[in-house]
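Trainee: target39.cif is reproduced below (mmCIF, C-alpha atoms and all ligand atoms).
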```cif
data_coords
#
loop_
_atom_site.label_atom_id
_atom_site.label_comp_id
_atom_site.auth_asym_id
_atom_site.auth_seq_id
_atom_site.Cartn_x
_atom_site.Cartn_y
_atom_site.Cartn_z
CA MET A 1 0.00 0.00 0.00
CA LEU A 2 1.46 3.36 -1.06
CA ILE A 3 0.64 6.33 1.16
CA LEU A 4 1.51 9.96 0.47
CA ALA A 5 1.64 11.84 3.78
CA ILE A 6 2.03 15.51 4.65
CA GLU A 7 3.44 16.98 7.87
CA SER A 8 2.95 20.67 8.68
CA SER A 9 2.32 20.83 12.45
CA CYS A 10 5.11 23.30 13.29
CA ASP A 11 8.07 24.69 11.32
CA GLU A 12 8.71 21.94 8.76
CA THR A 13 6.72 21.47 5.55
CA ALA A 14 7.19 17.83 4.61
CA ALA A 15 5.82 15.22 2.22
CA ALA A 16 6.72 11.54 1.86
CA ILE A 17 5.65 8.44 -0.01
CA VAL A 18 6.01 5.24 2.02
CA GLU A 19 5.17 1.66 1.11
CA ASP A 20 3.46 -0.50 3.75
CA GLY A 21 4.50 1.80 6.58
CA ARG A 22 8.20 0.89 6.43
CA LYS A 23 9.80 1.48 3.01
CA VAL A 24 10.42 5.15 2.18
CA LEU A 25 10.24 5.91 -1.56
CA SER A 26 10.56 9.67 -1.17
CA ASN A 27 11.07 12.00 1.81
CA VAL A 28 11.09 15.78 1.32
CA VAL A 29 11.45 18.28 4.18
CA SER A 30 11.47 22.04 3.76
CA SER A 31 12.67 23.62 7.00
CA GLN A 32 11.72 27.13 8.11
CA ILE A 33 14.69 27.48 10.48
CA LYS A 34 16.21 30.37 8.50
CA ILE A 35 12.92 32.29 8.60
CA HIS A 36 12.31 31.92 12.36
CA GLU A 37 15.97 32.43 13.33
CA GLU A 38 15.63 36.21 13.45
CA PHE A 39 12.68 35.94 15.91
CA GLY A 40 14.50 33.42 18.17
CA GLY A 41 11.63 30.91 17.88
CA VAL A 42 8.67 29.80 15.78
CA VAL A 43 6.11 32.53 15.02
CA PRO A 44 2.84 30.63 14.33
CA GLU A 45 1.36 33.08 11.80
CA VAL A 46 4.63 33.33 9.85
CA ALA A 47 4.96 29.53 9.93
CA ALA A 48 1.44 29.02 8.52
CA ARG A 49 2.12 31.43 5.64
CA GLU A 50 5.41 29.67 4.87
CA HIS A 51 3.64 26.28 4.76
CA LEU A 52 1.26 27.79 2.19
CA ASN A 53 4.20 29.02 0.12
CA SER A 54 6.00 25.67 0.10
CA ILE A 55 3.34 22.97 0.21
CA ASN A 56 2.81 22.52 -3.54
CA LEU A 57 6.53 22.62 -4.29
CA VAL A 58 7.24 20.04 -1.59
CA ILE A 59 4.51 17.69 -2.89
CA ASP A 60 5.74 18.08 -6.49
CA GLU A 61 9.30 17.29 -5.45
CA CYS A 62 8.12 14.30 -3.45
CA PHE A 63 6.45 12.74 -6.52
CA LYS A 64 9.43 13.63 -8.73
CA ASN A 65 11.91 11.93 -6.35
CA ALA A 66 9.79 8.79 -6.17
CA GLY A 67 9.28 8.74 -9.93
CA LEU A 68 5.57 8.13 -9.37
CA LYS A 69 2.33 9.63 -10.69
CA ARG A 70 -0.38 10.83 -8.32
CA SER A 71 -2.65 8.04 -9.59
CA CYS A 72 -0.28 5.39 -8.09
CA ILE A 73 -1.09 6.47 -4.52
CA ASP A 74 -3.53 4.29 -2.52
CA ALA A 75 -4.28 6.83 0.24
CA PHE A 76 -3.43 10.39 1.24
CA ALA A 77 -2.63 11.27 4.86
CA SER A 78 -1.72 14.26 7.02
CA THR A 79 -1.03 15.21 10.61
CA VAL A 80 -4.25 16.39 12.26
CA GLY A 81 -2.75 17.40 15.64
CA PRO A 82 -1.39 18.24 18.10
CA GLY A 83 0.35 21.27 16.62
CA LEU A 84 -0.14 24.86 15.49
CA VAL A 85 -3.67 25.07 14.11
CA GLY A 86 -2.97 27.44 11.20
CA CYS A 87 -0.03 25.24 10.15
CA LEU A 88 -1.92 21.96 10.46
CA LEU A 89 -4.75 23.32 8.31
CA VAL A 90 -2.40 23.73 5.34
CA GLY A 91 -1.34 20.07 5.30
CA LEU A 92 -4.80 18.77 6.13
CA ASN A 93 -6.48 20.68 3.31
CA ALA A 94 -3.78 19.75 0.78
CA SER A 95 -4.10 16.08 1.67
CA LYS A 96 -7.92 16.06 1.70
CA THR A 97 -7.92 17.82 -1.68
CA LEU A 98 -5.60 15.18 -3.20
CA SER A 99 -7.83 12.47 -1.74
CA LEU A 100 -10.98 13.99 -3.28
CA VAL A 101 -9.40 14.71 -6.68
CA HIS A 102 -7.93 11.20 -7.00
CA ASN A 103 -10.85 9.46 -5.33
CA LYS A 104 -8.69 7.69 -2.74
CA PRO A 105 -9.13 7.57 1.05
CA TYR A 106 -7.90 10.33 3.35
CA ILE A 107 -6.21 9.22 6.60
CA GLY A 108 -5.75 11.49 9.64
CA VAL A 109 -2.71 10.99 11.86
CA ASN A 110 -1.82 11.95 15.43
CA HIS A 111 1.58 13.66 15.46
CA LEU A 112 2.79 11.94 18.64
CA ASN A 113 1.89 8.56 17.29
CA ALA A 114 3.72 9.41 14.09
CA HIS A 115 6.91 10.02 16.12
CA VAL A 116 6.54 6.56 17.68
CA CYS A 117 6.00 5.01 14.22
CA ALA A 118 9.30 6.50 13.00
CA ASN A 119 10.74 3.40 14.67
CA PHE A 120 9.15 1.17 12.01
CA ILE A 121 10.86 2.92 9.09
CA ASP A 122 13.55 0.75 7.49
CA THR A 123 13.37 -1.73 10.41
CA ASP A 124 11.50 -4.91 11.27
CA LEU A 125 10.69 -3.70 14.81
CA LYS A 126 7.41 -5.09 16.09
CA PRO A 127 5.39 -4.38 19.25
CA PRO A 128 5.45 -4.87 22.16
CA PHE A 129 8.08 -2.31 23.19
CA VAL A 130 8.50 0.61 25.54
CA CYS A 131 9.03 3.94 23.79
CA LEU A 132 10.50 7.12 25.27
CA LEU A 133 8.88 10.00 23.38
CA VAL A 134 10.76 13.28 23.80
CA SER A 135 9.78 16.25 21.65
CA GLY A 136 9.29 20.00 21.85
CA GLY A 137 5.89 19.62 23.52
CA HIS A 138 5.87 16.14 25.08
CA THR A 139 7.83 13.82 27.35
CA GLN A 140 6.21 10.43 27.75
CA VAL A 141 7.07 6.80 28.30
CA ILE A 142 4.62 4.80 26.20
CA TYR A 143 3.95 1.08 26.26
CA VAL A 144 3.34 0.10 22.63
CA LYS A 145 1.40 -3.09 23.24
CA ASP A 146 0.39 -3.42 19.60
CA TYR A 147 0.52 -1.18 16.53
CA ASP A 148 -2.77 0.46 17.52
CA LYS A 149 -2.71 -0.16 21.28
CA GLN A 150 -0.66 2.23 23.34
CA GLU A 151 -0.63 3.21 26.97
CA ILE A 152 1.11 6.26 28.50
CA LEU A 153 3.03 5.05 31.56
CA ALA A 154 4.83 8.28 32.52
CA SER A 155 4.73 11.93 31.50
CA THR A 156 6.09 15.31 32.52
CA ILE A 157 4.31 17.41 35.12
CA ASP A 158 5.86 20.65 33.84
CA ASP A 159 8.16 21.32 30.86
CA ALA A 160 8.80 18.90 27.99
CA VAL A 161 12.44 17.92 27.41
CA GLY A 162 12.71 19.72 24.04
CA GLU A 163 11.23 22.84 25.63
CA VAL A 164 13.84 22.72 28.45
CA TYR A 165 16.61 22.32 25.86
CA ASP A 166 15.35 25.38 24.02
CA LYS A 167 15.01 27.41 27.25
CA VAL A 168 18.44 26.45 28.59
CA ALA A 169 19.93 27.27 25.18
CA ARG A 170 18.39 30.74 25.45
CA LEU A 171 19.81 31.17 28.99
CA CYS A 172 23.23 30.42 27.49
CA SER A 173 22.62 32.87 24.60
CA ILE A 174 22.58 30.01 22.09
CA CYS A 175 20.22 30.92 19.29
CA TYR A 176 17.32 28.97 17.72
CA PRO A 177 17.20 26.01 17.08
CA GLY A 178 18.50 25.64 20.63
CA GLY A 179 18.35 21.88 21.20
CA VAL A 180 20.58 20.78 18.39
CA LEU A 181 23.17 23.55 18.99
CA LEU A 182 23.28 22.83 22.74
CA ASP A 183 23.86 19.14 21.93
CA LYS A 184 26.86 20.10 19.74
CA MET A 185 28.36 22.24 22.52
CA ALA A 186 27.77 19.54 25.12
CA GLN A 187 29.91 17.12 23.12
CA GLU A 188 32.93 19.38 23.72
CA GLY A 189 32.24 20.13 27.40
CA ASP A 190 33.04 18.61 30.81
CA SER A 191 29.88 16.89 32.06
CA THR A 192 31.26 16.52 35.62
CA ARG A 193 31.84 20.25 36.23
CA PHE A 194 28.30 21.07 37.40
CA ASN A 195 26.17 18.81 39.52
CA PHE A 196 22.59 19.53 38.47
CA PRO A 197 19.70 17.97 40.41
CA ILE A 198 17.42 15.14 39.29
CA ALA A 199 13.84 15.86 40.40
CA LYS A 200 12.41 13.52 43.01
CA VAL A 201 8.98 12.76 41.60
CA LYS A 202 6.71 9.72 41.34
CA GLU A 203 7.77 6.87 39.08
CA ASP A 204 5.17 7.83 36.47
CA GLU A 205 6.26 11.49 36.40
CA PHE A 206 9.08 13.63 35.01
CA SER A 207 9.83 17.18 36.13
CA PHE A 208 12.38 19.53 34.60
CA SER A 209 11.53 22.96 36.01
CA GLY A 210 13.97 22.53 38.96
CA LEU A 211 16.77 21.64 36.56
CA LYS A 212 16.04 24.73 34.49
CA THR A 213 16.22 26.92 37.63
CA ALA A 214 19.47 25.24 38.72
CA VAL A 215 21.03 26.04 35.32
CA LEU A 216 19.83 29.65 35.61
CA ARG A 217 21.44 29.92 39.06
CA GLU A 218 24.81 28.78 37.65
CA VAL A 219 24.54 31.02 34.56
CA LYS A 220 24.02 34.06 36.82
CA LYS A 221 27.34 33.42 38.58
CA PHE A 222 29.28 34.26 35.40
CA SER A 223 29.62 37.31 33.19
CA LYS A 224 28.38 36.80 29.63
CA ASP A 225 31.93 36.57 28.25
CA GLU A 226 33.12 34.07 30.84
CA LEU A 227 30.10 31.76 30.77
CA PRO A 228 31.39 28.16 30.44
CA LYS A 229 28.69 27.25 27.91
CA LYS A 230 30.19 23.92 26.87
CA ASP A 231 30.54 22.63 30.45
CA ILE A 232 27.04 23.81 31.39
CA ALA A 233 25.64 22.16 28.25
CA ALA A 234 27.48 18.89 28.93
CA SER A 235 26.44 18.75 32.61
CA PHE A 236 22.83 19.62 31.72
CA GLN A 237 22.76 17.03 28.93
CA LYS A 238 24.13 14.31 31.24
CA THR A 239 21.45 15.06 33.86
CA ILE A 240 18.69 14.88 31.24
CA ALA A 241 19.98 11.59 29.79
CA ASP A 242 20.40 10.06 33.30
CA THR A 243 16.84 10.99 34.21
CA LEU A 244 15.26 9.77 30.98
CA ILE A 245 17.17 6.51 30.57
CA THR A 246 16.89 5.44 34.23
CA LYS A 247 13.14 5.98 34.36
CA THR A 248 12.47 4.38 30.98
CA LYS A 249 14.55 1.31 31.89
CA ASN A 250 12.74 0.95 35.25
CA ILE A 251 9.37 1.11 33.51
CA ALA A 252 10.46 -1.45 30.89
CA ASP A 253 11.57 -3.77 33.70
CA LYS A 254 8.24 -3.33 35.46
CA MET A 255 6.43 -4.20 32.23
CA ASN A 256 8.75 -7.17 31.72
CA CYS A 257 9.65 -5.72 28.33
CA LYS A 258 13.15 -6.08 26.90
CA THR A 259 12.75 -3.77 23.88
CA ILE A 260 13.17 0.00 24.28
CA ALA A 261 12.75 2.60 21.52
CA LEU A 262 13.26 6.37 21.26
CA ALA A 263 11.04 8.90 19.46
CA GLY A 264 10.58 12.65 18.94
CA GLY A 265 12.93 15.51 18.04
CA VAL A 266 15.10 15.01 21.14
CA ALA A 267 15.67 11.39 20.04
CA ALA A 268 18.26 13.00 17.72
CA ASN A 269 20.29 13.88 20.83
CA SER A 270 23.77 12.33 20.80
CA GLU A 271 23.98 11.53 24.52
CA LEU A 272 20.51 10.00 24.67
CA ARG A 273 21.23 7.77 21.66
CA LYS A 274 24.56 6.70 23.17
CA ARG A 275 23.00 5.88 26.53
CA LEU A 276 20.18 3.94 24.90
CA LYS A 277 22.66 1.87 22.88
CA GLU A 278 24.59 1.07 26.08
CA LEU A 279 21.52 -0.74 27.40
CA GLU A 280 22.19 -3.47 24.83
CA ALA A 281 25.10 -4.68 26.97
CA GLN A 282 22.50 -5.33 29.70
CA GLY A 283 20.40 -7.53 27.41
CA TYR A 284 17.92 -5.00 26.03
CA LYS A 285 17.05 -4.67 22.35
CA THR A 286 17.02 -0.99 21.43
CA ASN A 287 15.90 1.12 18.48
CA ALA A 288 16.33 4.79 17.66
CA PRO A 289 14.97 6.16 14.36
CA GLN A 290 17.51 7.47 11.86
CA MET A 291 18.28 11.12 12.63
CA LYS A 292 16.23 12.43 9.68
CA TYR A 293 13.16 10.58 11.02
CA CYS A 294 13.53 11.92 14.62
CA THR A 295 12.67 15.56 13.99
CA ASP A 296 9.43 16.38 12.18
CA ASN A 297 9.08 14.61 8.82
CA ALA A 298 6.29 13.08 6.74
CA SER A 299 7.63 9.50 6.47
CA MET A 300 6.67 8.91 10.10
CA VAL A 301 3.20 10.31 9.32
CA ALA A 302 2.81 7.83 6.44
CA SER A 303 3.95 5.02 8.72
CA SER A 304 1.40 5.99 11.34
CA ALA A 305 -1.32 6.28 8.65
CA TYR A 306 -0.55 2.66 7.76
CA PHE A 307 -0.12 1.17 11.26
CA ASN A 308 -2.28 3.35 13.49
CA PRO A 309 -4.61 5.78 11.66
CA ILE A 310 -7.03 7.96 13.65
CA LYS A 311 -10.15 5.85 13.65
CA CYS A 312 -13.36 7.57 12.56
CA ASP A 313 -16.34 6.86 10.30
CA ASN A 314 -15.64 9.70 7.88
CA PRO A 315 -11.97 10.83 8.00
CA LEU A 316 -12.74 13.66 5.55
CA MET A 317 -14.66 15.30 8.41
CA LEU A 318 -11.61 15.24 10.74
CA GLU A 319 -10.65 18.67 12.10
CA VAL A 320 -7.22 19.86 13.28
CA PHE A 321 -6.50 20.12 17.02
CA SER A 322 -3.81 21.98 18.94
CA ARG A 323 -3.29 19.93 22.11
CA GLY A 324 -2.92 16.21 22.61
O1 LIG A 401 9.61 16.42 17.49
P1 LIG A 401 10.07 17.77 17.13
O2 LIG A 401 10.82 17.95 15.82
O3 LIG A 401 8.87 18.77 17.13
C1 LIG A 401 7.81 18.60 18.01
O4 LIG A 401 6.93 17.79 17.69
O5 LIG A 401 7.88 19.22 19.10
O6 LIG A 401 10.97 18.24 18.34
C2 LIG A 401 11.55 19.49 18.38
C3 LIG A 401 12.38 19.59 19.64
C4 LIG A 401 12.93 20.98 19.86
O7 LIG A 401 12.65 21.38 21.18
C5 LIG A 401 14.42 20.83 19.62
O8 LIG A 401 15.19 21.72 20.38
C6 LIG A 401 14.66 19.39 20.05
O9 LIG A 401 13.52 18.70 19.56
N1 LIG A 401 15.87 18.81 19.45
C7 LIG A 401 16.93 18.41 20.19
C8 LIG A 401 17.90 17.92 19.27
N2 LIG A 401 17.40 18.04 18.00
C9 LIG A 401 16.14 18.59 18.14
N3 LIG A 401 17.14 18.43 21.51
C10 LIG A 401 18.32 17.95 21.96
N4 LIG A 401 19.30 17.47 21.15
C11 LIG A 401 19.13 17.44 19.80
N5 LIG A 401 20.11 16.96 19.01
ZN ZN A 402 7.23 16.53 16.32
#
```
Let me see whether you can do it: turn the structure in this file into structure tokens.
Mentor:
Amino acid sequence: MLILAIESSCDETAAAIVEDGRKVLSNVVSSQIKIHEEFGGVVPEVAAREHLNSINLVIDECFKNAGLKRSCIDAFASTVGPGLVGCLLVGLNASKTLSLVHNKPYIGVNHLNAHVCANFIDTDLKPPFVCLLVSGGHTQVIYVKDYDKQEILASTIDDAVGEVYDKVARLCSICYPGGVLLDKMAQEGDSTRFNFPIAKVKEDEFSFSGLKTAVLREVKKFSKDELPKKDIAASFQKTIADTLITKTKNIADKMNCKTIALAGGVAANSELRKRLKELEAQGYKTNAPQMKYCTDNASMVASSAYFNPIKCDNPLMLEVFSRG
């Protein structure tokens, strides 16, 4: 089954054609980073307009790269939410239009589920597994019992990990996109220099606001020119990875599950990927999506459309939603 999917929930306009949820035939991503850089973050109205400017070009390129005609597609999909409403509307309407014109089904997809499904791309991974989902808006440990049966076993009570990365980057005067730049700095820093706290919360909770405050306290001790950005980044990154990996492993043990996967934009983080891989020495099977399928892309949306579509009687009536 060939699915063309569109992703436009935030600052990436993306289209992909994927066969049977796993084999990517074409994956096009047009990033708006350059546009939002001058504002220091994503401006929703600007992002929506940019999606409008790029959507047709991105879809055209997607078909060109795959060497396929529109009539070859079996279903058209798009992210329905959560995300920025004005942005989601662009992808949703483009996909519904293609579905109506070519008389093929439209499939709505949940963005968070799409991140989880990135683990199926180019792999033979099968449920059950425990998945740590870490993105700009969410931090969850999910038990993927089956392709369409998932249970949230832990989540954050305050900031999401990606959000904390972006905020700490700002504290250190590192510009947008903060997470990826902070990760680069951390790789050159001393992770033992600062001892940041790990929040004491329940086993089904994460909390990162205390860590953020602790970083702020250290930053204030230095003048702007003398700020040891690399060491702060490395110590912060180690604390985040310790917290996430320890809790995820404990939950997997509790569920008697030996397979652990990563998902979401922060799954591109070097330390997190390294620490996940290290679990293999302890007998766990691990999976992290390829870097290009961690941050927002449409291949993961196509995979989710195949394995876990939003169920409803008339998908063409699906509306976008902002929060999940
Ligand atoms: O999943 P995503 O692309 O968008 C959402 O659905 O939120 O995640 C974006 C988040 C941002 O907060 C970004 O700073 C973070 O992922 N991110 C990273 C890295 N690459 C992206 N955080 C830490 N290390 C990275 N290498
Ligand atoms: Zn995302």
Trainee: Ligand LIG 401 (chain A): which residues are within 9 Å, counting only C-alpha atoms and all ligand atoms, as a ChimeraX atom specification?
Mentor: /A:9-12,82-83,111-112,115,133-138,160-167,169,176-184,237,263-272,291,294-297
Trainee: Which one is closest to ligand ZN 402 (chain A): A:Ile35, A:Leu100, A:Val144, A:Val301? Count only C-alpha atoms and all ligand atoms.
Mentor: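 Closest to ligand ZN 402 (chain A) of all the choices is A:Val301.
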Trainee: Mind pulling up the distance from CA of Thr246 (chain A) to CA of Arg323 (chain A)?
Mentor: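 Pair CA of Arg323 (chain A) / CA of Thr246 (chain A) returns 27.6 Å.
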Trainee: As an exercise, work out the distance from CA of Val43 (chain A) to CA of Val85 (chain A) in Å and give it to one decimal place.
Mentor: 12.3 Å
Trainee: With distances taken over all atoms listed in the file, which residue among A:Asn27, A:Thr156, A:Thr259, A:Asn110 lies nearest ligand ZN 402 (chain A)?
Mentor: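 The answer is A:Asn110, which sits nearest to ligand ZN 402 (chain A).
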Trainee: Calculated over all atoms listed in the file, which of the candidates A:Ala118, A:Ala14, A:Met1, A:Leu153 has the smallest distance to Ala252 (chain A)?
Mentor: A:Leu153
Trainee: Could you give me, as a list in words, the residues within 10 Å of Glu50 (chain A), counting all atoms listed in the file and dropping anything in the same chain fewer than 6 positions from it?
Mentor: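 Contacts, in chain order: Asp11, Glu12, Thr13, Ser30, Ser31, Gln32, Ile35, Pro44, Cys87 and Val90 of chain A.
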Trainee: To one decimal place in Å, what is the distance between CA of Gly189 (chain A) and CA of Pro289 (chain A)?
Mentor: 25.8 Å
Trainee: With 5 Å added on each side, what axis-aligned box encloses every listed atom of region 226-234 of chain A? Give the centre and edge lengths in Å to one decimal, as lines of an AutoDock Vina configuration file.
Mentor:
```
center_x = 29.4
center_y = 26.5
center_z = 29.1
size_x = 17.5
size_y = 25.2
size_z = 14.5
```
Trainee: Using all atoms listed in the file, determine which residues lie at most 12 Å from Ser235 (chain A), disregarding the query and same-chain residues fewer than 2 positions distant; provide the list as a compact mmCIF listing (two decimals) with C-alpha atoms, in the frame of the given file.
Mentor:
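Below you can see part_16.txt, which holds the result:
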```
# COMPACT_ATOMS: atom_id res chain seq x y z
CA VAL A 168 18.44 26.45 28.59
CA LEU A 182 23.28 22.83 22.74
CA ASP A 183 23.86 19.14 21.93
CA MET A 185 28.36 22.24 22.52
CA ALA A 186 27.77 19.54 25.12
CA GLN A 187 29.91 17.12 23.12
CA GLU A 188 32.93 19.38 23.72
CA GLY A 189 32.24 20.13 27.40
CA ASP A 190 33.04 18.61 30.81
CA SER A 191 29.88 16.89 32.06
CA THR A 192 31.26 16.52 35.62
CA ARG A 193 31.84 20.25 36.23
CA PHE A 194 28.30 21.07 37.40
CA ASN A 195 26.17 18.81 39.52
CA PHE A 196 22.59 19.53 38.47
CA PRO A 197 19.70 17.97 40.41
CA ILE A 198 17.42 15.14 39.29
CA LEU A 211 16.77 21.64 36.56
CA ALA A 214 19.47 25.24 38.72
CA VAL A 215 21.03 26.04 35.32
CA GLU A 218 24.81 28.78 37.65
CA PRO A 228 31.39 28.16 30.44
CA LYS A 229 28.69 27.25 27.91
CA LYS A 230 30.19 23.92 26.87
CA ASP A 231 30.54 22.63 30.45
CA ILE A 232 27.04 23.81 31.39
CA ALA A 233 25.64 22.16 28.25
CA GLN A 237 22.76 17.03 28.93
CA LYS A 238 24.13 14.31 31.24
CA THR A 239 21.45 15.06 33.86
CA ILE A 240 18.69 14.88 31.24
CA ALA A 241 19.98 11.59 29.79
CA ASP A 242 20.40 10.06 33.30
CA GLU A 271 23.98 11.53 24.52
```
Trainee: Could you tell me which of A:Asp146, A:Gly21, A:Ile157, A:Cys131 comes closest to Leu276 (chain A) if we count only C-alpha atoms?
Mentor: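 With only C-alpha atoms as the atom set, the closest residue is A:Cys131.
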Trainee: Could you name the residues that touch His102 (chain A) at 10 Å or less, counting only C-alpha atoms, but leaving out those on the same chain fewer than 3 positions away, as an NGL selection string?
Mentor: :A and (70-76 or 96-99 or 105)
Trainee: Counting all atoms listed in the file, figure out which residue out of A:Leu92, A:Ala114, A:Met255, A:Leu125 gets nearest to ligand ZN 402 (chain A).
Mentor: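 Using all atoms listed in the file, the shortest distance to ligand ZN 402 (chain A) belongs to A:Ala114.
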Trainee: Have a look at A:Leu52, A:Ile152, A:Val24, A:Ser8 and name the one nearest to ligand ZN 402 (chain A); count all atoms listed in the file.
Mentor: A:Ser8
Trainee: What's around Lys258 (chain A) at 8 Å? Count all atoms listed in the file, leave out sequence neighbours fewer than 2 positions away in its own chain, and write the answer as a list in words.
Mentor: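 Answer for this query is Phe129, Ala252, Asp253, Asn256, Ile260, Gly283, Tyr284 and Lys285 of chain A.
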Trainee: Near Asn287 (chain A), within 7 Å and counting all atoms listed in the file, which residues show up once chain neighbours fewer than 5 positions away are dropped, as a list in words?
Mentor: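 My reading of the contact set: Asn119, Ile260, Ala261 and Leu262 of chain A.
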